[in-house]
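Enquirer: Pasting upload16.txt below, which is compact mmCIF, C-alpha atoms.
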# COMPACT_ATOMS: atom_id res chain seq x y z
CA CYS A 27 19.48 19.07 -11.29
CA PRO A 28 18.03 20.46 -8.08
CA SER A 29 19.80 19.81 -4.83
CA SER A 30 18.09 17.67 -2.23
CA THR A 31 17.41 18.99 1.25
CA THR A 32 16.07 17.30 4.34
CA ALA A 33 12.48 18.27 5.12
CA ASN A 34 12.46 19.53 8.69
CA SER A 35 9.13 20.07 10.36
CA ALA A 36 8.12 23.46 11.66
CA HIS A 37 5.29 24.87 13.73
CA GLY A 38 2.15 25.54 11.70
CA SER A 39 -0.83 23.80 10.23
CA ASP A 40 -0.82 20.27 8.86
CA LEU A 41 -1.74 21.66 5.45
CA ALA A 42 1.21 24.02 5.24
CA MET A 43 3.56 21.29 6.38
CA ALA A 44 2.23 18.78 3.86
CA ARG A 45 2.41 21.27 0.98
CA ALA A 46 6.00 22.06 1.82
CA VAL A 47 6.89 18.40 1.89
CA SER A 48 5.02 17.83 -1.38
CA LEU A 49 7.29 20.41 -2.99
CA GLY A 50 10.25 18.53 -1.56
CA ILE A 51 8.98 15.32 -3.14
CA LEU A 52 8.92 16.97 -6.56
CA LEU A 53 12.52 18.08 -6.10
CA VAL A 54 13.53 14.60 -5.02
CA ALA A 55 11.84 13.08 -8.07
CA ALA A 56 13.78 15.42 -10.33
CA PHE A 57 16.97 14.55 -8.49
CA LEU A 58 16.39 10.84 -8.95
CA ARG A 59 15.85 11.22 -12.68
CA CYS A 60 19.01 13.31 -13.10
CA ALA A 61 21.44 11.78 -10.63
CA HIS A 62 20.43 8.14 -10.84
CA GLY A 63 18.90 8.12 -14.31
CA TYR A 64 16.31 5.57 -13.16
CA PRO A 65 12.97 7.03 -11.99
CA LEU A 66 11.94 4.13 -9.76
CA PRO A 67 8.15 3.64 -10.15
CA TYR A 68 8.07 2.16 -6.65
CA CYS A 69 8.67 5.53 -4.99
CA ASP A 70 5.30 7.24 -5.49
CA ALA A 71 1.99 6.21 -7.04
CA GLY A 72 0.95 9.83 -7.54
CA ALA A 73 -2.39 11.29 -6.51
CA THR A 74 -4.56 10.89 -9.61
CA VAL A 75 -8.22 9.96 -9.13
CA ALA A 76 -10.21 8.84 -12.16
CA LEU A 77 -13.59 10.46 -12.74
CA PRO A 78 -16.54 8.11 -13.30
CA PRO A 79 -17.87 7.98 -16.88
CA ALA A 80 -20.63 10.38 -17.89
CA GLY A 81 -24.15 9.18 -17.24
CA TYR A 82 -23.33 7.26 -14.06
CA ALA A 83 -23.98 8.33 -10.48
CA VAL A 84 -21.68 7.29 -7.65
CA ARG A 85 -23.50 5.42 -4.88
CA GLN A 86 -20.52 4.22 -2.85
CA VAL A 87 -16.74 4.48 -2.98
CA GLN A 88 -14.26 2.12 -1.34
CA ILE A 89 -10.57 3.00 -1.22
CA LEU A 90 -7.86 0.44 -0.51
CA THR A 91 -4.47 2.07 -0.04
CA ARG A 92 -0.89 1.12 0.49
CA HIS A 93 0.87 3.18 3.17
CA GLY A 94 3.19 5.95 2.04
CA ASP A 95 6.97 6.16 1.88
CA ARG A 96 8.68 4.53 4.84
CA SER A 97 12.05 3.60 6.24
CA PRO A 98 13.43 0.13 5.44
CA LEU A 99 12.03 -2.77 7.41
CA SER A 100 15.58 -3.78 8.33
CA VAL A 101 18.72 -1.72 7.77
CA PHE A 102 20.88 -4.72 8.64
CA ALA A 103 19.91 -6.32 5.31
CA ILE A 104 21.57 -3.54 3.28
CA PRO A 105 25.30 -4.11 2.75
CA GLY A 106 27.57 -1.32 1.63
CA GLN A 107 30.58 0.40 3.11
CA ASN A 108 29.26 3.87 2.30
CA ASP A 109 25.83 3.47 3.83
CA THR A 110 25.47 6.95 5.33
CA ALA A 111 21.67 7.00 5.27
CA THR A 112 20.01 8.85 8.12
CA TRP A 113 16.32 8.10 8.46
CA GLU A 114 14.19 10.87 9.98
CA CYS A 115 10.54 10.38 10.99
CA ASP A 116 8.78 13.37 12.58
CA LEU A 117 5.05 12.79 12.37
CA THR A 118 3.77 14.26 15.61
CA SER A 119 1.30 16.39 13.65
CA TYR A 120 -0.63 13.21 12.83
CA MET A 121 -0.42 11.89 16.36
CA VAL A 122 -1.56 14.94 18.34
CA ASN A 123 -5.26 15.70 18.75
CA ASP A 124 -6.47 18.77 16.82
CA ASP A 125 -8.32 20.09 19.86
CA MET A 126 -5.15 19.81 21.94
CA ARG A 127 -3.29 21.99 19.45
CA ALA A 128 -6.12 24.52 19.37
CA LYS A 129 -6.38 24.80 23.16
CA HIS A 130 -2.66 24.97 23.78
CA ALA A 131 -1.10 27.44 21.37
CA GLU A 132 2.32 26.78 22.84
CA TYR A 133 1.95 23.01 22.68
CA PRO A 134 5.51 21.76 22.17
CA ARG A 135 6.10 19.92 18.93
CA ARG A 136 8.35 17.46 20.66
CA LEU A 137 9.14 16.64 24.26
CA TYR A 138 11.63 13.92 23.46
CA GLU A 139 13.51 12.81 20.39
CA LEU A 140 14.65 9.25 19.88
CA SER A 141 17.82 8.43 18.05
CA TYR A 142 19.37 5.20 16.81
CA GLN A 143 23.15 5.01 16.81
CA ARG A 144 25.11 4.30 13.62
CA ALA A 145 27.42 2.00 15.54
CA LEU A 146 24.41 -0.29 15.92
CA GLY A 147 23.80 -0.40 12.16
CA THR A 148 21.49 2.56 11.55
CA ASP A 149 21.16 6.28 12.13
CA GLY A 150 18.24 8.65 12.70
CA ASN A 151 15.00 8.33 14.61
CA CYS A 152 12.93 6.01 12.38
CA ALA A 153 12.03 2.57 13.57
CA GLY A 154 12.01 -0.20 10.99
CA GLY A 155 9.23 0.35 8.45
CA GLN A 156 8.08 3.65 9.95
CA LEU A 157 6.15 6.18 7.83
CA THR A 158 8.29 9.16 6.86
CA LEU A 159 7.14 12.74 6.52
CA ARG A 160 7.31 12.22 2.77
CA GLY A 161 4.98 9.24 3.08
CA ALA A 162 2.47 11.29 5.06
CA ALA A 163 2.60 14.02 2.41
CA GLN A 164 1.87 11.47 -0.32
CA HIS A 165 -1.37 10.51 1.41
CA HIS A 166 -2.20 14.12 2.16
CA ARG A 167 -2.02 14.86 -1.56
CA LEU A 168 -4.19 11.83 -2.28
CA GLY A 169 -6.75 13.12 0.22
CA GLU A 170 -6.75 16.49 -1.55
CA ALA A 171 -7.33 14.77 -4.90
CA LEU A 172 -10.21 12.72 -3.48
CA ARG A 173 -11.80 15.88 -2.10
CA ARG A 174 -11.55 17.64 -5.46
CA VAL A 175 -13.33 14.74 -7.21
CA TYR A 176 -15.88 13.40 -4.72
CA VAL A 177 -16.67 16.56 -2.73
CA GLU A 178 -16.09 19.54 -5.00
CA LYS A 179 -16.73 18.18 -8.51
CA LEU A 180 -19.27 15.40 -8.03
CA GLY A 181 -20.83 16.51 -4.76
CA PHE A 182 -21.07 12.87 -3.71
CA LEU A 183 -19.26 13.17 -0.39
CA PRO A 184 -20.41 15.87 2.04
CA ALA A 185 -18.24 18.93 2.58
CA ALA A 186 -18.47 18.36 6.34
CA LEU A 187 -17.83 14.87 7.66
CA GLU A 188 -20.22 13.02 9.94
CA GLU A 189 -19.30 9.64 11.36
CA LYS A 190 -22.25 7.94 9.65
CA HIS A 191 -20.75 8.70 6.23
CA LEU A 192 -17.42 6.96 6.74
CA TYR A 193 -15.91 3.64 7.81
CA VAL A 194 -12.14 3.31 8.28
CA ARG A 195 -10.21 0.10 8.76
CA SER A 196 -6.45 -0.24 9.05
CA SER A 197 -3.84 -2.91 9.46
CA ASP A 198 -2.35 -2.64 12.93
CA SER A 199 0.89 -0.88 12.01
CA TRP A 200 1.68 2.78 12.53
CA ARG A 201 2.60 3.39 8.90
CA CYS A 202 -0.89 2.29 7.85
CA ILE A 203 -2.68 4.16 10.64
CA GLN A 204 -0.79 7.40 10.02
CA SER A 205 -1.29 7.11 6.25
CA ALA A 206 -5.05 6.93 6.82
CA GLU A 207 -4.89 9.94 9.15
CA ALA A 208 -2.92 11.96 6.63
CA LEU A 209 -5.37 11.15 3.83
CA LEU A 210 -8.40 12.04 5.93
CA SER A 211 -6.81 15.26 7.21
CA ALA A 212 -6.87 16.54 3.60
CA LEU A 213 -10.15 14.97 2.51
CA TRP A 214 -11.91 16.48 5.51
CA PRO A 215 -9.74 19.07 7.30
CA ALA A 216 -10.40 19.59 11.02
CA ALA A 217 -12.81 22.48 10.37
CA GLN A 218 -15.00 20.17 8.26
CA ARG A 219 -15.32 17.40 10.85
CA ARG A 220 -18.27 17.12 13.21
CA SER A 221 -17.11 14.04 15.08
CA VAL A 222 -14.07 11.97 15.95
CA VAL A 223 -13.18 9.44 13.25
CA PRO A 224 -12.87 5.89 14.65
CA ILE A 225 -10.36 3.57 12.98
CA ASP A 226 -10.95 -0.17 13.27
CA LEU A 227 -7.64 -1.97 13.77
CA PHE A 228 -7.10 -5.58 12.76
CA PRO A 229 -4.08 -7.13 14.56
CA ASP A 230 -1.75 -9.24 12.46
CA ALA A 231 -3.17 -12.44 13.90
CA VAL A 232 -6.60 -11.81 12.32
CA ASP A 233 -5.81 -9.40 9.47
CA ASP A 234 -7.39 -10.81 6.28
CA MET A 235 -6.52 -7.76 4.17
CA GLN A 236 -3.39 -9.56 2.92
CA TYR A 237 -2.10 -13.12 2.66
CA ASN A 238 -1.84 -14.28 6.27
CA THR A 239 -0.43 -17.73 6.92
CA GLY A 240 -0.89 -17.26 10.64
CA LEU A 241 -4.63 -16.82 10.11
CA CYS A 242 -4.75 -19.53 7.44
CA PRO A 243 -2.11 -22.28 7.87
CA ARG A 244 -3.32 -24.06 4.72
CA LEU A 245 -2.25 -21.00 2.74
CA GLY A 246 1.32 -21.51 3.92
CA GLU A 247 1.25 -25.08 2.61
CA LEU A 248 -0.02 -23.95 -0.78
CA GLN A 249 2.64 -21.29 -1.07
CA ALA A 250 5.31 -23.86 -0.28
CA ASP A 251 3.91 -25.98 -3.11
CA VAL A 252 3.98 -22.97 -5.45
CA GLU A 253 7.66 -22.44 -4.68
CA ALA A 254 8.34 -25.98 -5.84
CA GLN A 255 6.77 -25.34 -9.25
CA PRO A 256 9.08 -25.00 -12.30
CA ALA A 257 8.11 -21.36 -12.92
CA PHE A 258 9.09 -20.32 -9.41
CA GLN A 259 12.30 -22.33 -9.53
CA ALA A 260 13.24 -20.62 -12.80
CA TRP A 261 12.61 -17.23 -11.20
CA THR A 262 14.77 -18.23 -8.22
CA LYS A 263 17.68 -18.98 -10.56
CA ARG A 264 17.32 -15.69 -12.45
CA MET A 265 17.04 -13.61 -9.30
CA GLY A 266 19.84 -15.58 -7.66
CA ALA A 267 22.18 -14.78 -10.55
CA LEU A 268 21.49 -11.08 -10.17
CA ILE A 269 22.05 -11.23 -6.41
CA ASP A 270 25.34 -13.08 -7.00
CA GLU A 271 26.50 -10.15 -9.14
CA VAL A 272 25.62 -7.70 -6.37
CA GLU A 273 27.38 -9.78 -3.71
CA THR A 274 30.51 -9.95 -5.86
CA LEU A 275 30.40 -6.21 -6.52
CA LEU A 276 29.88 -5.26 -2.87
CA ASN A 277 31.98 -8.12 -1.48
CA ALA A 278 29.11 -8.86 0.90
CA THR A 279 26.58 -11.57 1.65
CA ILE A 280 22.87 -10.92 1.15
CA ALA A 281 21.09 -13.28 3.51
CA ASP A 282 17.52 -12.31 2.64
CA VAL A 283 16.62 -11.16 -0.88
CA GLY A 284 13.28 -9.66 0.14
CA SER A 285 14.80 -7.55 2.91
CA PHE A 286 17.62 -6.44 0.63
CA MET A 287 15.20 -5.33 -2.11
CA ASP A 288 13.07 -3.53 0.45
CA GLY A 289 16.08 -1.60 1.69
CA LEU A 290 17.32 -0.91 -1.83
CA HIS A 291 13.96 0.53 -2.85
CA ALA A 292 13.80 2.73 0.24
CA GLN A 293 17.34 4.04 -0.24
CA THR A 294 16.81 4.74 -3.93
CA CYS A 295 13.59 6.62 -3.23
CA HIS A 296 15.47 8.81 -0.75
CA GLU A 297 18.32 9.57 -3.19
CA PHE A 298 20.96 8.25 -0.81
CA PRO A 299 24.34 7.54 -2.43
CA PRO A 300 24.56 4.18 -4.23
CA LEU A 301 25.80 1.23 -2.22
CA CYS A 302 29.51 0.59 -2.75
CA GLY A 303 31.98 -2.12 -1.84
CA GLU A 304 35.58 -2.93 -2.50
CA ARG A 305 34.92 -3.67 -6.18
CA GLY A 306 32.62 -0.86 -7.13
CA CYS A 307 29.17 0.61 -6.65
CA LEU A 308 25.64 -0.53 -7.40
CA GLU A 309 24.79 1.42 -10.54
CA VAL A 310 21.55 2.30 -12.31
CA ALA A 311 21.70 -0.76 -14.56
CA HIS A 312 21.90 -3.10 -11.57
CA ILE A 313 18.93 -1.47 -9.83
CA ALA A 314 16.79 -1.52 -12.98
CA ARG A 315 17.47 -5.22 -13.62
CA LEU A 316 16.86 -6.19 -10.01
CA ASP A 317 13.63 -4.20 -9.90
CA LYS A 318 12.29 -5.66 -13.15
CA GLU A 319 12.94 -9.24 -12.10
CA TYR A 320 11.69 -8.80 -8.54
CA ASN A 321 8.33 -7.52 -9.85
CA ASN A 322 7.65 -11.03 -11.18
CA LEU A 323 7.50 -12.38 -7.64
CA ILE A 324 3.98 -11.07 -6.98
CA TYR A 325 2.26 -12.99 -9.74
CA LEU A 326 4.24 -16.15 -9.02
CA THR A 327 3.21 -16.21 -5.36
CA HIS A 328 -0.45 -15.30 -6.07
CA ASP A 329 -0.86 -17.34 -9.29
CA PRO A 330 -4.64 -17.55 -9.97
CA ARG A 331 -4.10 -20.58 -12.23
CA TYR A 332 -2.88 -22.66 -9.30
CA GLU A 333 -5.65 -24.94 -7.99
CA ARG A 334 -8.38 -22.76 -9.57
CA ASN A 335 -7.39 -19.63 -7.70
CA LEU A 336 -7.27 -21.35 -4.31
CA LEU A 337 -4.52 -18.94 -3.25
CA GLY A 338 -6.90 -16.04 -3.90
CA LYS A 339 -9.74 -17.73 -2.03
CA LEU A 340 -7.71 -18.39 1.10
CA GLY A 341 -5.50 -15.33 0.87
CA ILE A 342 -7.90 -12.47 0.09
CA GLY A 343 -11.36 -14.01 -0.52
CA GLU A 344 -12.72 -13.17 2.92
CA PHE A 345 -11.79 -9.49 2.54
CA LEU A 346 -13.23 -9.27 -0.99
CA ASN A 347 -16.53 -10.66 0.28
CA GLU A 348 -16.54 -8.09 3.08
CA GLN A 349 -16.21 -5.35 0.47
CA LEU A 350 -18.92 -6.97 -1.65
CA GLY A 351 -21.32 -6.93 1.29
CA TYR A 352 -20.98 -3.17 1.59
CA LEU A 353 -21.62 -2.74 -2.15
CA THR A 354 -24.72 -4.92 -2.22
CA ASP A 355 -26.12 -3.26 0.90
CA ALA A 356 -25.78 0.14 -0.76
CA ALA A 357 -27.47 -1.07 -3.94
CA ALA A 358 -30.33 -2.68 -2.02
CA SER A 359 -31.07 -0.08 0.62
CA GLY A 360 -28.82 2.94 0.14
CA ASP A 361 -26.20 2.32 2.84
CA ALA A 362 -25.69 5.58 4.77
CA ARG A 363 -21.94 5.03 4.67
CA LEU A 364 -20.79 6.65 1.48
CA MET A 365 -17.09 5.86 1.78
CA TYR A 366 -14.99 2.99 3.09
CA LEU A 367 -11.26 3.47 3.60
CA PHE A 368 -9.01 0.42 4.01
CA SER A 369 -5.40 1.26 4.86
CA GLY A 370 -3.09 -1.64 4.15
CA HIS A 371 0.03 -2.76 2.33
CA ASP A 372 1.35 -3.48 -1.15
CA SER A 373 0.40 -7.11 -0.50
CA SER A 374 -3.22 -6.02 0.08
CA ILE A 375 -3.56 -4.32 -3.30
CA SER A 376 -1.64 -6.92 -5.29
CA ALA A 377 -3.67 -9.79 -3.81
CA VAL A 378 -6.97 -8.15 -4.79
CA LEU A 379 -5.80 -7.29 -8.30
CA VAL A 380 -4.40 -10.76 -9.01
CA ALA A 381 -7.49 -12.54 -7.64
CA LEU A 382 -9.83 -10.44 -9.83
CA GLY A 383 -7.64 -10.63 -12.94
CA GLY A 384 -6.60 -7.00 -13.00
CA PHE A 385 -2.92 -7.15 -12.05
CA SER A 386 -0.60 -5.27 -14.43
CA GLY A 387 2.67 -6.82 -13.25
CA GLU A 388 3.88 -3.68 -11.45
CA TRP A 389 4.76 -3.78 -7.77
CA PRO A 390 2.32 -1.39 -6.02
CA PRO A 391 4.26 1.83 -5.30
CA TYR A 392 4.09 3.79 -2.08
CA ALA A 393 0.65 5.40 -1.58
CA SER A 394 -0.98 3.20 -4.22
CA HIS A 395 -4.76 3.37 -4.20
CA LEU A 396 -7.30 0.91 -5.55
CA ILE A 397 -10.73 2.54 -5.74
CA THR A 398 -13.88 0.43 -6.03
CA GLU A 399 -16.97 2.44 -7.01
CA LEU A 400 -20.60 1.40 -7.04
CA LEU A 401 -22.14 3.25 -9.98
CA GLU A 402 -25.76 3.52 -11.11
CA ASP A 403 -26.81 4.30 -14.67
CA GLN A 404 -29.88 6.21 -15.77
CA GLN A 405 -31.90 2.99 -16.06
CA GLY A 406 -31.24 2.07 -12.44
CA GLU A 407 -28.68 -0.65 -13.19
CA PHE A 408 -25.68 -0.98 -10.88
CA PHE A 409 -22.08 -1.45 -11.96
CA VAL A 410 -18.77 -1.90 -10.16
CA ARG A 411 -15.72 -0.06 -11.44
CA LEU A 412 -12.17 -0.46 -10.16
CA SER A 413 -9.48 2.14 -10.79
CA TYR A 414 -5.87 1.73 -9.76
CA ASN A 415 -3.65 4.78 -9.28
CA GLY A 416 -5.94 6.85 -11.47
CA ARG A 417 -6.42 4.29 -14.27
CA PRO A 418 -9.56 2.15 -14.80
CA VAL A 419 -8.86 -1.57 -14.35
CA SER A 420 -10.05 -4.06 -16.95
CA LEU A 421 -10.95 -7.26 -15.13
CA LYS A 422 -10.24 -10.53 -16.89
CA SER A 423 -12.80 -12.13 -14.58
CA CYS A 424 -15.45 -9.79 -16.03
CA GLY A 425 -14.67 -10.16 -19.72
CA ASN A 426 -11.85 -7.60 -19.65
CA ARG A 427 -14.35 -4.85 -18.88
CA SER A 428 -13.71 -1.95 -16.52
CA MET A 429 -17.45 -1.51 -15.91
CA CYS A 430 -18.65 -4.79 -14.43
CA PRO A 431 -22.39 -5.27 -13.80
CA LEU A 432 -22.97 -5.71 -10.08
CA ARG A 433 -24.67 -9.08 -10.54
CA GLU A 434 -21.65 -10.42 -12.44
CA TYR A 435 -19.18 -8.90 -9.99
CA THR A 436 -21.15 -10.49 -7.15
CA ALA A 437 -20.83 -13.93 -8.75
CA ILE A 438 -17.09 -13.42 -9.33
CA VAL A 439 -16.38 -12.46 -5.71
CA GLN A 440 -18.66 -15.11 -4.26
CA GLU A 441 -16.70 -17.67 -6.27
CA LEU A 442 -13.65 -16.48 -4.33
CA SER A 443 -15.32 -17.01 -0.97
CA PRO A 444 -13.38 -19.53 1.16
CA GLY A 445 -16.60 -20.58 2.88
CA ASP A 446 -15.98 -21.75 6.44
CA LEU A 447 -12.51 -20.30 6.92
CA SER A 448 -11.77 -22.42 9.98
CA GLN A 449 -12.29 -25.58 7.92
CA ALA A 450 -10.76 -24.34 4.65
CA CYS A 451 -7.59 -23.19 6.43
CA LYS A 452 -6.85 -26.38 8.33
CA PRO A 453 -3.34 -27.63 7.50
CA GLN A 454 -3.20 -30.79 5.44
CA GLN A 455 0.60 -31.15 5.23
CA PRO A 456 2.01 -30.02 8.61
CA ASN A 457 5.60 -30.57 7.49
CA LYS A 458 5.16 -27.97 4.74
CA LEU A 459 3.98 -25.11 6.92
CA ARG A 460 5.94 -21.93 6.45
CA SER A 461 5.64 -18.22 6.89
CA TRP A 462 5.42 -15.85 3.95
CA LYS A 463 5.27 -12.08 3.92
Take the structure in the file and write it out as structure tokens.

Expert:
Amino acid sequence: CPSSTTANSAHGSDLAMARAVSLGILLVAAFLRCAHGYPLPYCDAGATVALPPAGYAVRQVQILTRHGDRSPLSVFAIPGQNDTATWECDLTSYMVNDDMRAKHAEYPRRLYELSYQRALGTDGNCAGGQLTLRGAAQHHRLGEALRRVYVEKLGFLPAALEEKHLYVRSSDSWRCIQSAEALLSALWPAAQRRSVVPIDLFPDAVDDMQYNTGLCPRLGELQADVEAQPAFQAWTKRMGALIDEVETLLNATIADVGSFMDGLHAQTCHEFPPLCGERGCLEVAHIARLDKEYNNLIYLTHDPRYERNLLGKLGIGEFLNEQLGYLTDAAASGDARLMYLFSGHDSSISAVLVALGGFSGEWPPYASHLITELLEDQQGEFFVRLSYNGRPVSLKSCGNRSMCPLREYTAIVQELSPGDLSQACKPQQPNKLRSWK
């Protein structure tokens, strides 16, 4: 098996840096398969983009992404006496203006370097949940794949970007913002841009691109009710038994299962040594069982059967109707904006897929991408096609078809509209309010 090395940044172009890191990702993937024996699907969605079927012309493309590889949200949730992980995040190339680099050849890559101390529970310069260089490279490769399909092969997107062709929206977190920047830097390199690209940021308080109980208190009540259902309680027992095994093995207490799984995924993706305690180490079999069971959580907490998909209406319905508006505008009048990029989270993609009946049961990996295309056939009829990580999505809501007529798709999404959100989201059981992320 290949040895793993830390990817250190060097002076040079973004493209050269990203290609070097992409090679490192391939080596890491090989290492994971050999050393751990469990190629965790969570680590990388890949950069495959599905071509539209023959006989259809693309009229608009919308891309909803999950950010790339990142550091754990909380290192304090990861027990293990041999936790020697050092998290390095050096993404100044996606934070420095291109013109600044061009005008100042000797522009220093770094003026200061932050460092967390291991004595405080972590090591390296990554904040909690920060995009890593590997995560940026994942989105850079996705941007290259999008350029090959929509610019070079189909000629749908222009070779040189103008602001009127593109709309970009991002959740207000650096990992999402930098993922969008990395993708766009490959889709339209600096030499092919004629204007600055604005990115609309939605703060957490008003972000409807994922389930948001702060924005919709009623949603928190419904999720508390879901947790009381027999199916969720059965899952809690199964997952609890697995966590008990891990606690016994590591001789440690896991206070928050979600934070522990987040840290475990991040550590496994970065080929750090397995967590060990006084009684042994967390082996491949443990990780595989934990991962398989934890995947069930998404469907349970987004269950479309509950109250006729009320979770979907309040959790992601507003965002789906925003997307629908762009599609119908393009079909009616030829919207000048050819592409919409939405940079979000795993919870963004999973919520959309579950609400539309296209969820496969797999937790969205890093750099996952859900592409919604408006297609027109030779008779002038419009269709909507979704593809997820390079595979067309068959929508249960549209008769298990991957090509959904626009009029039917419009009815499906309008059915998910929450209506007056301020009224629909009013709490009805104040004692059941809770936060869920």

Enquirer: Tell me which protein, DNA and RNA residues are within 10 Å of A:Arg195, counting all atoms listed in the file, leaving out same-chain ones fewer than 4 positions away, and put them as a ChimeraX atom specification.

Expert: /A:90,202-203,206,224-228,235,366-370

Enquirer: For A:Gly351, which residue among A:Leu210, A:Ala71, A:Val232, A:Leu400 is the nearest when counting all atoms listed in the file?

Expert: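 Smallest distance to A:Gly351 is found for A:Leu400.
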
Enquirer: Quick one: distance from atom CA of A:Cys115 to atom CA of A:Glu297 in Å, one decimal?

Expert: 16.2 Å

Enquirer: Could you state the separation of atom CA of A:Lys422 and atom CA of A:His93 in Å, given to one decimal place?

Expert: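 One can read the atom CA of A:Lys422 to atom CA of A:His93 distance as 26.7 Å.
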
Enquirer: Would you pick out the contacts of A:Cys424 at 9 Å or less, using only C-alpha atoms, so that residues sharing its chain but fewer than 5 positions from it are not included, and give the list as a PyMOL selection string?

Expert: chain A and resi 382-383+429-431+434-435+438

Enquirer: Kindly indicate which residue among A:Gly387, A:Pro444, A:Pro256, A:Gly303 lies nearest to A:His328, using only C-alpha atoms for the distances.

Expert: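 Under the stated criterion, the closest residue is A:Gly387.
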
Enquirer: In Å, how far is it from atom CA of A:Val272 to atom CA of A:Gln249?

Expert: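 Those two atoms sit 27.2 Å apart.
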
Enquirer: Counting all atoms listed in the file, which residue out of A:Glu114, A:Arg334, A:Gln293, A:Ala171 sits closest to A:Trp214?

Expert: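 Ranking A:Glu114, A:Arg334, A:Gln293, A:Ala171 by distance to A:Trp214, first place goes to A:Ala171.
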
Enquirer: Quick one: residues within 12 Å of A:Glu333, only C-alpha atoms counted, chain neighbours fewer than 3 positions away excluded, as a PyMOL selection string?

Expert: chain A and resi 245+248-249+251-252+328-330+336-340

Enquirer: Nearest to A:Asp288 among A:Gly81, A:Gly72, A:Pro215, A:Gly154, with distances taken over only C-alpha atoms: which residue is it?

Expert: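 Checking each candidate against A:Asp288, we get A:Gly154 as the closest.
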
Enquirer: With all atoms listed in the file as the basis for distance, which of A:Leu213, A:Ala231, A:Cys152, A:Ile342 is at the shortest distance from A:Asp198?

Expert: A:Ala231

Enquirer: What lies within 7 Å of A:Asp95 using only C-alpha atoms, ignoring chain neighbours under 2 positions off, as a PyMOL selection string?

Expert: chain A and resi 93+157-158+160-161+392

Enquirer: For those residues, write C-alpha atoms to a file as a tab-separated table (two decimals), in the frame of the given file.

Expert:
chain	number	residue	atom	x	y	z
A	93	HIS	CA	0.87	3.18	3.17
A	157	LEU	CA	6.15	6.18	7.83
A	158	THR	CA	8.29	9.16	6.86
A	160	ARG	CA	7.31	12.22	2.77
A	161	GLY	CA	4.98	9.24	3.08
A	392	TYR	CA	4.09	3.79	-2.08

Enquirer: Show which residues sit within 7 Å of A:His165, as a PyMOL selection string. Count only C-alpha atoms, and ignore same-chain residues fewer than 2 positions away.

Expert: chain A and resi 94+161-163+167-169+205+208-209+393

Enquirer: Counting all atoms listed in the file, note down every residue that has an atom within 9 Å of the point (-18.9, 1.5, -6.2) (file coordinates), as a PDB file with C-alpha atoms, in the frame of the given file.

Expert:
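What follows is the written file out-v3.pdb:
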ATOM      1  CA  VAL A  84     -21.680   7.290  -7.650  1.00  0.00           C
ATOM      2  CA  ARG A  85     -23.500   5.420  -4.880  1.00  0.00           C
ATOM      3  CA  GLN A  86     -20.520   4.220  -2.850  1.00  0.00           C
ATOM      4  CA  VAL A  87     -16.740   4.480  -2.980  1.00  0.00           C
ATOM      5  CA  GLN A  88     -14.260   2.120  -1.340  1.00  0.00           C
ATOM      6  CA  LEU A 353     -21.620  -2.740  -2.150  1.00  0.00           C
ATOM      7  CA  ALA A 356     -25.780   0.140  -0.760  1.00  0.00           C
ATOM      8  CA  ILE A 397     -10.730   2.540  -5.740  1.00  0.00           C
ATOM      9  CA  THR A 398     -13.880   0.430  -6.030  1.00  0.00           C
ATOM     10  CA  GLU A 399     -16.970   2.440  -7.010  1.00  0.00           C
ATOM     11  CA  LEU A 400     -20.600   1.400  -7.040  1.00  0.00           C
ATOM     12  CA  LEU A 401     -22.140   3.250  -9.980  1.00  0.00           C
ATOM     13  CA  GLU A 402     -25.760   3.520 -11.110  1.00  0.00           C
ATOM     14  CA  PHE A 408     -25.680  -0.980 -10.880  1.00  0.00           C
ATOM     15  CA  PHE A 409     -22.080  -1.450 -11.960  1.00  0.00           C
ATOM     16  CA  VAL A 410     -18.770  -1.900 -10.160  1.00  0.00           C
ATOM     17  CA  ARG A 411     -15.720  -0.060 -11.440  1.00  0.00           C
ATOM     18  CA  LEU A 412     -12.170  -0.460 -10.160  1.00  0.00           C
TER      19      LEU A 412
END

Enquirer: Determine the nearest neighbour of A:Arg417 from the options A:Leu77, A:Arg173, A:His191, A:Asp270, counting all atoms listed in the file.

Expert: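 Closest to A:Arg417 of all the choices is A:Leu77.
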